[in-house]
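Text of the file my_file_2.txt, holding compact mmCIF, C-alpha atoms:
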```txt
# COMPACT_ATOMS: atom_id res chain seq x y z
CA MET A 1 0.00 0.00 0.00
CA THR A 2 1.10 3.56 -0.75
CA GLU A 3 0.60 6.03 2.08
CA ALA A 4 -1.59 8.93 1.03
CA THR A 5 -0.32 12.41 1.79
CA LEU A 6 -2.29 15.47 2.84
CA ALA A 7 -1.80 16.82 -0.69
CA ASP A 8 -3.33 13.64 -2.16
CA LEU A 9 -6.31 13.96 0.18
CA VAL A 10 -6.79 17.61 -0.79
CA ILE A 11 -6.65 16.75 -4.50
CA LEU A 12 -9.35 14.12 -4.03
CA SER A 13 -11.47 16.58 -2.03
CA CYS A 14 -11.06 19.29 -4.68
CA ALA A 15 -12.09 16.86 -7.41
CA GLN A 16 -15.52 16.46 -5.80
CA ALA A 17 -16.31 20.08 -6.69
CA TRP A 18 -16.60 19.16 -10.40
CA ARG A 19 -17.82 15.58 -10.05
CA HIS A 20 -21.41 16.22 -11.18
CA ASP A 21 -20.95 19.41 -13.21
CA GLY A 22 -21.24 17.89 -16.67
CA GLU A 23 -19.75 19.84 -19.58
CA VAL A 24 -18.23 22.98 -18.07
CA MET A 25 -14.83 24.60 -18.07
CA ALA A 26 -13.03 23.63 -14.86
CA THR A 27 -10.53 26.15 -13.54
CA GLY A 28 -8.44 25.20 -10.52
CA ILE A 29 -6.20 28.04 -9.34
CA GLY A 30 -3.01 26.58 -7.89
CA PRO A 31 -1.40 23.13 -8.27
CA LEU A 32 -3.72 21.14 -5.97
CA PRO A 33 -7.03 22.54 -7.32
CA ARG A 34 -5.67 22.12 -10.85
CA LEU A 35 -4.86 18.48 -10.12
CA GLY A 36 -8.35 18.23 -8.66
CA THR A 37 -9.79 19.20 -12.06
CA ALA A 38 -7.58 16.58 -13.68
CA LEU A 39 -8.71 13.87 -11.28
CA ALA A 40 -12.37 14.83 -11.72
CA LYS A 41 -12.06 14.62 -15.52
CA THR A 42 -10.23 11.29 -15.36
CA LEU A 43 -12.39 9.46 -12.82
CA TYR A 44 -15.79 11.12 -12.63
CA ASN A 45 -16.67 13.60 -15.35
CA PRO A 46 -15.02 13.11 -18.76
CA LEU A 47 -17.08 16.00 -20.16
CA LEU A 48 -15.04 18.56 -18.21
CA GLN A 49 -12.98 21.02 -20.22
CA THR A 50 -9.50 21.36 -18.74
CA THR A 51 -6.65 23.44 -20.09
CA ASP A 52 -2.87 23.36 -19.98
CA GLY A 53 -2.98 26.52 -17.87
CA GLU A 54 -1.85 28.50 -20.89
CA CYS A 55 -3.97 28.64 -24.04
CA PHE A 56 -4.97 25.12 -25.16
CA TYR A 57 -7.53 22.46 -24.35
CA GLY A 58 -6.06 18.98 -24.19
CA ASP A 59 -7.74 15.65 -24.88
CA GLN A 60 -6.46 14.55 -21.46
CA PRO A 61 -5.50 16.57 -18.37
CA ILE A 62 -2.08 18.14 -18.83
CA ALA A 63 0.36 17.78 -15.95
CA PRO A 64 1.55 20.90 -14.11
CA GLY A 65 5.22 21.71 -14.47
CA LYS A 66 7.58 20.48 -17.15
CA ARG A 67 6.02 18.71 -20.14
CA THR A 68 6.76 14.99 -19.79
CA GLY A 69 5.32 13.56 -23.00
CA PRO A 70 3.34 14.25 -26.16
CA VAL A 71 0.20 16.32 -25.76
CA VAL A 72 -2.84 16.19 -28.04
CA TYR A 73 -4.37 19.65 -28.29
CA GLU A 74 -8.05 19.70 -29.22
CA GLY A 75 -8.44 23.45 -29.55
CA TYR A 76 -7.52 26.91 -28.41
CA ALA A 77 -8.36 28.16 -24.93
CA ASN A 78 -7.73 31.78 -25.81
CA TYR A 79 -9.48 34.75 -24.21
CA ASP A 80 -12.40 34.60 -26.63
CA ARG A 81 -13.22 30.98 -25.83
CA VAL A 82 -12.56 31.33 -22.11
CA PHE A 83 -14.81 34.36 -21.76
CA SER A 84 -17.50 32.87 -23.98
CA ALA A 85 -17.71 29.93 -21.56
CA LEU A 86 -17.40 32.18 -18.52
CA TRP A 87 -20.06 34.71 -19.47
CA GLY A 88 -22.47 31.91 -20.27
CA GLY A 89 -22.07 30.48 -16.77
CA ARG A 90 -20.36 27.35 -18.13
CA ARG A 91 -17.37 27.56 -15.84
CA HIS A 92 -16.70 26.40 -12.27
CA ALA A 93 -13.59 27.90 -10.68
CA MET A 94 -11.80 27.02 -7.46
CA VAL A 95 -9.93 30.08 -6.23
CA GLY A 96 -7.63 30.92 -3.32
CA PRO A 97 -8.42 34.31 -1.79
CA VAL A 98 -6.18 36.02 0.76
CA GLN A 99 -9.19 36.88 2.97
CA PHE A 100 -12.58 35.20 3.26
CA ASP A 101 -15.50 35.99 5.58
CA ARG A 102 -18.63 34.31 6.92
CA PHE A 103 -20.65 35.45 3.91
CA GLY A 104 -18.27 33.88 1.39
CA GLN A 105 -17.04 37.32 0.34
CA ALA A 106 -13.44 37.12 -0.85
CA ASN A 107 -10.54 39.58 -1.06
CA ILE A 108 -7.46 39.49 -3.29
CA SER A 109 -6.93 43.25 -3.54
CA VAL A 110 -5.65 45.02 -0.41
CA ILE A 111 -5.11 44.43 3.30
CA GLY A 112 -6.24 47.41 5.37
CA ASP A 113 -7.91 50.58 4.18
CA HIS A 114 -8.15 50.78 0.40
CA ASP A 115 -6.92 54.40 0.32
CA LYS A 116 -3.86 53.59 2.41
CA PRO A 117 -3.44 49.81 2.50
CA LYS A 118 -0.99 47.88 4.63
CA SER A 119 -0.42 45.59 1.65
CA ALA A 120 -1.47 45.80 -2.01
CA MET A 121 -1.98 42.57 -3.92
CA LEU A 122 -3.46 41.61 -7.29
CA GLY A 123 -6.46 43.91 -7.37
CA ALA A 124 -10.01 42.65 -7.73
CA ARG A 125 -9.35 41.45 -11.30
CA GLY A 126 -12.15 39.15 -12.52
CA PHE A 127 -13.54 38.29 -9.08
CA PRO A 128 -16.56 40.65 -9.13
CA GLY A 129 -18.01 39.37 -12.38
CA ASN A 130 -16.98 35.76 -11.90
CA SER A 131 -18.74 35.60 -8.56
CA ILE A 132 -22.16 36.43 -10.01
CA ILE A 133 -21.90 34.58 -13.34
CA HIS A 134 -20.70 31.04 -12.59
CA PRO A 135 -20.15 28.66 -9.64
CA ASN A 136 -17.13 29.16 -7.42
CA SER A 137 -15.36 27.03 -4.83
CA PHE A 138 -12.37 27.84 -2.62
CA PHE A 139 -9.04 26.40 -1.46
CA PHE A 140 -6.97 27.51 1.53
CA PRO A 141 -3.63 25.73 2.08
CA SER A 142 -3.38 27.25 5.57
CA HIS A 143 -6.65 27.34 7.50
CA SER A 144 -6.26 30.24 9.95
CA THR A 145 -8.02 33.32 11.32
CA ARG A 146 -5.82 35.44 9.04
CA ALA A 147 -7.48 33.85 6.02
CA LEU A 148 -10.96 33.01 7.34
CA ILE A 149 -11.47 36.21 9.23
CA ALA A 150 -13.80 37.74 11.79
CA GLY A 151 -15.97 40.56 10.47
CA GLU A 152 -15.98 41.47 6.79
CA VAL A 153 -13.06 41.24 4.37
CA ASP A 154 -11.07 44.45 3.99
CA PHE A 155 -12.10 44.87 0.35
CA VAL A 156 -14.98 42.89 -1.15
CA CYS A 157 -13.76 41.53 -4.49
CA MET A 158 -16.21 38.63 -4.74
CA ALA A 159 -19.90 38.73 -3.91
CA GLY A 160 -21.19 36.49 -1.15
CA TYR A 161 -24.32 35.77 0.85
CA ASN A 162 -24.37 39.18 2.58
CA PRO A 163 -27.86 40.73 2.44
CA ALA A 164 -26.45 44.15 3.40
CA ARG A 165 -24.68 44.29 0.04
CA TYR A 166 -27.44 42.91 -2.19
CA LEU A 167 -28.52 45.33 -4.90
CA ASN A 168 -32.21 46.20 -4.39
CA GLY A 169 -32.32 43.65 -1.58
CA LYS A 170 -31.93 40.64 -3.88
CA PRO A 171 -28.92 38.32 -4.22
CA PRO A 172 -27.28 38.21 -7.67
CA ALA A 173 -29.02 35.64 -9.87
CA GLY A 174 -25.79 33.81 -10.65
CA LEU A 175 -24.37 33.69 -7.11
CA ASP A 176 -23.48 30.03 -6.48
CA LEU A 177 -20.78 29.27 -3.90
CA ARG A 178 -20.05 25.54 -3.56
CA ILE A 179 -17.31 24.05 -1.36
CA ILE A 180 -14.27 25.14 0.65
CA VAL A 181 -11.27 22.80 0.93
CA THR A 182 -8.52 23.54 3.45
CA ASN A 183 -5.62 21.72 5.08
CA LEU A 184 -7.96 20.89 8.00
CA CYS A 185 -11.40 20.11 6.58
CA VAL A 186 -14.01 20.42 3.85
CA MET A 187 -16.82 22.96 4.24
CA ASP A 188 -19.78 24.25 2.27
CA PHE A 189 -22.50 26.91 2.57
CA GLY A 190 -25.26 24.56 3.68
CA GLY A 191 -25.88 26.04 7.13
CA PRO A 192 -28.82 28.31 8.04
CA ASP A 193 -28.95 31.35 5.73
CA HIS A 194 -25.95 29.98 3.81
CA GLN A 195 -23.81 29.80 6.96
CA VAL A 196 -20.47 28.11 6.35
CA ARG A 197 -20.57 24.60 7.79
CA VAL A 198 -18.03 21.81 8.17
CA VAL A 199 -18.97 18.66 6.25
CA SER A 200 -15.88 16.54 6.95
CA LEU A 201 -12.73 16.66 9.06
CA HIS A 202 -9.38 15.50 7.76
CA PRO A 203 -8.12 12.47 9.72
CA GLY A 204 -6.79 13.51 13.13
CA VAL A 205 -8.42 16.97 13.09
CA THR A 206 -11.17 17.97 15.52
CA PHE A 207 -14.07 20.39 15.03
CA ASP A 208 -12.76 22.48 17.94
CA GLU A 209 -9.43 22.87 16.15
CA VAL A 210 -11.16 24.00 12.97
CA GLN A 211 -13.32 26.47 14.90
CA ALA A 212 -10.30 27.86 16.77
CA ASN A 213 -8.64 28.59 13.43
CA THR A 214 -11.73 30.27 11.95
CA GLY A 215 -12.72 33.88 12.66
CA PHE A 216 -16.47 33.27 12.48
CA PRO A 217 -18.86 30.67 13.96
CA LEU A 218 -19.18 27.45 12.00
CA ALA A 219 -22.10 25.08 11.64
CA HIS A 220 -21.59 21.35 11.10
CA SER A 221 -23.50 18.94 8.91
CA ALA A 222 -23.59 15.93 11.22
CA GLU A 223 -22.74 14.74 14.71
CA PRO A 224 -20.21 13.25 14.74
CA LEU A 225 -18.65 14.68 11.61
CA PRO A 226 -17.27 12.14 9.11
CA GLU A 227 -13.62 11.92 8.16
CA THR A 228 -12.63 13.31 4.79
CA ALA A 229 -12.09 10.46 2.35
CA VAL A 230 -8.48 9.32 1.98
CA PRO A 231 -7.51 8.24 -1.55
CA THR A 232 -7.45 4.52 -2.25
CA ASP A 233 -4.43 2.86 -3.83
CA ASP A 234 -6.14 3.03 -7.24
CA GLU A 235 -6.86 6.75 -6.80
CA LEU A 236 -3.29 7.37 -5.65
CA ALA A 237 -2.00 5.69 -8.80
CA VAL A 238 -4.11 8.02 -10.94
CA ILE A 239 -2.97 11.09 -8.99
CA ALA A 240 0.68 10.04 -9.45
CA ARG A 241 0.13 9.63 -13.18
CA LEU A 242 -1.51 13.06 -13.42
CA ASP A 243 1.42 14.67 -11.56
CA PRO A 244 4.59 13.00 -12.88
CA ASN A 245 6.69 16.00 -11.81
CA GLY A 246 5.61 15.60 -8.18
CA VAL A 247 4.44 19.21 -7.91
CA ARG A 248 1.91 18.18 -5.24
CA THR A 249 4.72 17.16 -2.86
CA THR A 250 5.97 20.76 -2.62
CA ILE A 251 2.75 22.43 -1.38
CA PHE A 252 2.71 21.50 2.31
CA LYS A 253 5.86 21.64 4.43
CA ASP A 254 7.52 18.21 4.68
CA ASN A 255 4.69 16.69 2.59
CA PRO A 256 2.83 15.28 5.63
CA PRO A 257 0.67 12.13 5.54
CA ALA A 258 -3.10 12.35 5.12
CA ARG A 259 -3.62 10.72 8.51
CA ARG A 260 -2.17 12.96 11.17
CA ALA A 261 -0.22 11.17 13.87
CA ALA A 262 -1.96 11.04 17.26
```
Show how you would write the structure in this file as structure tokens.
Amino acid sequence: MTEATLADLVILSCAQAWRHDGEVMATGIGPLPRLGTALAKTLYNPLLQTTDGECFYGDQPIAPGKRTGPVVYEGYANYDRVFSALWGGRRHAMVGPVQFDRFGQANISVIGDHDKPKSAMLGARGFPGNSIIHPNSFFFPSHSTRALIAGEVDFVCMAGYNPARYLNGKPPAGLDLRIIVTNLCVMDFGGPDHQVRVVSLHPGVTFDEVQANTGFPLAHSAEPLPETAVPTDDELAVIARLDPNGVRTTIFKDNPPARRAA
């Protein structure tokens, strides 16, 4: 048996975001969400459109990092095609904000006051439109109160389930926030009034630990909460094939096992 790592577990968890989506463009921002799209296309949903992260659609998921073999390109994934899919709602992205609040509002722009920020980052970029046009999920490699914060994010780049910010008192028609994968657990927005709730705990993690590292109160889907699924040997073999460069082993310090030691 091959021992699954935390990165393998996260990849499997990310893949569930696209499992039942049908024919949409899957965008995973970062190596583990990207490998999640690849695993979803390979095992669950062959209709997914995945790209090489540059400007082509491949017939099979294309490994992150150095090209390791021949690639069959089926078409361009240029701006025109990407935005045609995006504007039609035929995209599901998994993004990694710097800040995230209890409403699902996300920030990738500034930390602190916008007029005099402590830190300036990417800017809002496509987050405002993307958040009200197509489904979005989230990935946080370090689950902490600095990322999942108390109060509201410093600058709202992505719409969330915050009635105070709804235009004319109604949520955007395309607002559809799905799952949140972190290094501690998997969450969704299935609590009362779209409250963030924990749906599974990674092996060895407790709900109290997750709550202590979250700036807002969490609901939970069951009592007791189930463990997040650990990849089987067959799934691990597929993940290894999809990541021949071993990019996944570099994401978490010391590449820890999926099952935390007692």
Axis-aligned box for range 184-190 of chain A, 6 Å per side, centre and edges in Å as AutoDock Vina command-line options:
```
--center_x -16.6 --center_y 23.5 --center_z 5.1 --size_x 29.3 --size_y 18.8 --size_z 17.7
```
Which residues are close to Leu225 in chain A, i.e. within 8 Å by all atoms listed in the file, leaving aside same-chain residues fewer than 4 positions away? Reply as a list in words.
Val198, Val199, Ser200, Leu201, His220 and Ser221 of chain A
Give me, as a tab-separated table, the closest atom pair and its distance (Å, one decimal) for every residue of range 170-192 of chain A within a cut-off of 12 Å of range 154-166 of chain A, counting all atoms listed in the file, rows sorted by chain and rising number.
```
residue	atom	partner	partner_atom	distance
A:Lys170	CA	A:Tyr166	CA	5.3
A:Pro171	CA	A:Tyr166	CA	5.2
A:Pro172	CA	A:Tyr166	CA	7.2
A:Ala173	CA	A:Tyr166	CA	10.7
A:Gly174	CA	A:Ala159	CA	10.2
A:Leu175	CA	A:Gly160	CA	7.3
A:Asp176	CA	A:Gly160	CA	8.7
A:Leu177	CA	A:Gly160	CA	7.7
A:Arg178	CA	A:Gly160	CA	11.3
A:Phe189	CA	A:Tyr161	CA	9.2
A:Gly190	CA	A:Tyr161	CA	11.6
A:Gly191	CA	A:Tyr161	CA	11.7
A:Pro192	CA	A:Tyr161	CA	11.3
```
Interatomic distance (Å, one decimal) between CA of Ile11 in chain A and CA of Thr249 in chain A
11.5 Å
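Candidate residues A:Val110, A:Leu218, A:Ala38, A:Leu6 were compared for distance to Leu148 in chain A, and the nearest is A:Leu218, using only C-alpha atoms.
Residue nearest Glu227 in chain A, chosen from A:Pro33, A:Leu122, A:Ala77, A:Ser13 and counting all atoms listed in the file: A:Ser13.
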Record the distance separating CA of Ile132 in chain A and CA of Val196 in chain A, expressed in Å with one decimal.
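Between CA of Ile132 in chain A and CA of Val196 in chain A the gap is 18.4 Å.
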With all atoms listed in the file as the atoms that count, which of A:Asn168, A:Ala15, A:Thr228, A:Val186 lies nearest to Gly204 in chain A?
A:Thr228
Find, counting only C-alpha atoms, the residue in A:Leu12, A:Leu242, A:Val71, A:Leu86 that gets nearest to Val230 in chain A.
A:Leu12
Shell of 6 Å around range 90-103 of chain A, all atoms listed in the file, local chain residues under 4 positions omitted, as an NGL selection string:
:A and (24-29 or 85-86 or 107-108 or 134-140 or 147-149 or 152-153 or 160-162)
Could you jot down the CA of Ser119 in chain A to CA of Ala212 in chain A separation for me, Å, one decimal place?
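CA of Ala212 in chain A lies 25.3 Å from CA of Ser119 in chain A.
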Rank A:Cys14, A:Asp21, A:Leu43, A:Tyr79 by their smallest atom-to-atom distance to Asp234 in chain A, using all atoms listed in the file, and report the top residue only.
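Closest to Asp234 in chain A of all the choices is A:Leu43.
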Cut-off 10 Å around (-2.5, 18.3, 11.9) with all atoms listed in the file: residues as a ChimeraX atom specification:
/A:6,183-184,202-206,209,256-262
Within 12 Å of Thr250 in chain A using only C-alpha atoms, minus same-chain residues under 2 positions, as a ChimeraX atom specification:
/A:5-8,30-32,65,141,243,245-248,252-256
Limited to C-alpha atoms, could you put the picked residues into a file as a JSON list (two decimals), in the frame of the given file?
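What ended up in out.json:
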```
[["chain", "number", "residue", "atom", "x", "y", "z"],
["A", 5, "THR", "CA", -0.32, 12.41, 1.79],
["A", 6, "LEU", "CA", -2.29, 15.47, 2.84],
["A", 7, "ALA", "CA", -1.80, 16.82, -0.69],
["A", 8, "ASP", "CA", -3.33, 13.64, -2.16],
["A", 30, "GLY", "CA", -3.01, 26.58, -7.89],
["A", 31, "PRO", "CA", -1.40, 23.13, -8.27],
["A", 32, "LEU", "CA", -3.72, 21.14, -5.97],
["A", 65, "GLY", "CA", 5.22, 21.71, -14.47],
["A", 141, "PRO", "CA", -3.63, 25.73, 2.08],
["A", 243, "ASP", "CA", 1.42, 14.67, -11.56],
["A", 245, "ASN", "CA", 6.69, 16.00, -11.81],
["A", 246, "GLY", "CA", 5.61, 15.60, -8.18],
["A", 247, "VAL", "CA", 4.44, 19.21, -7.91],
["A", 248, "ARG", "CA", 1.91, 18.18, -5.24],
["A", 252, "PHE", "CA", 2.71, 21.50, 2.31],
["A", 253, "LYS", "CA", 5.86, 21.64, 4.43],
["A", 254, "ASP", "CA", 7.52, 18.21, 4.68],
["A", 255, "ASN", "CA", 4.69, 16.69, 2.59],
["A", 256, "PRO", "CA", 2.83, 15.28, 5.63]]
```
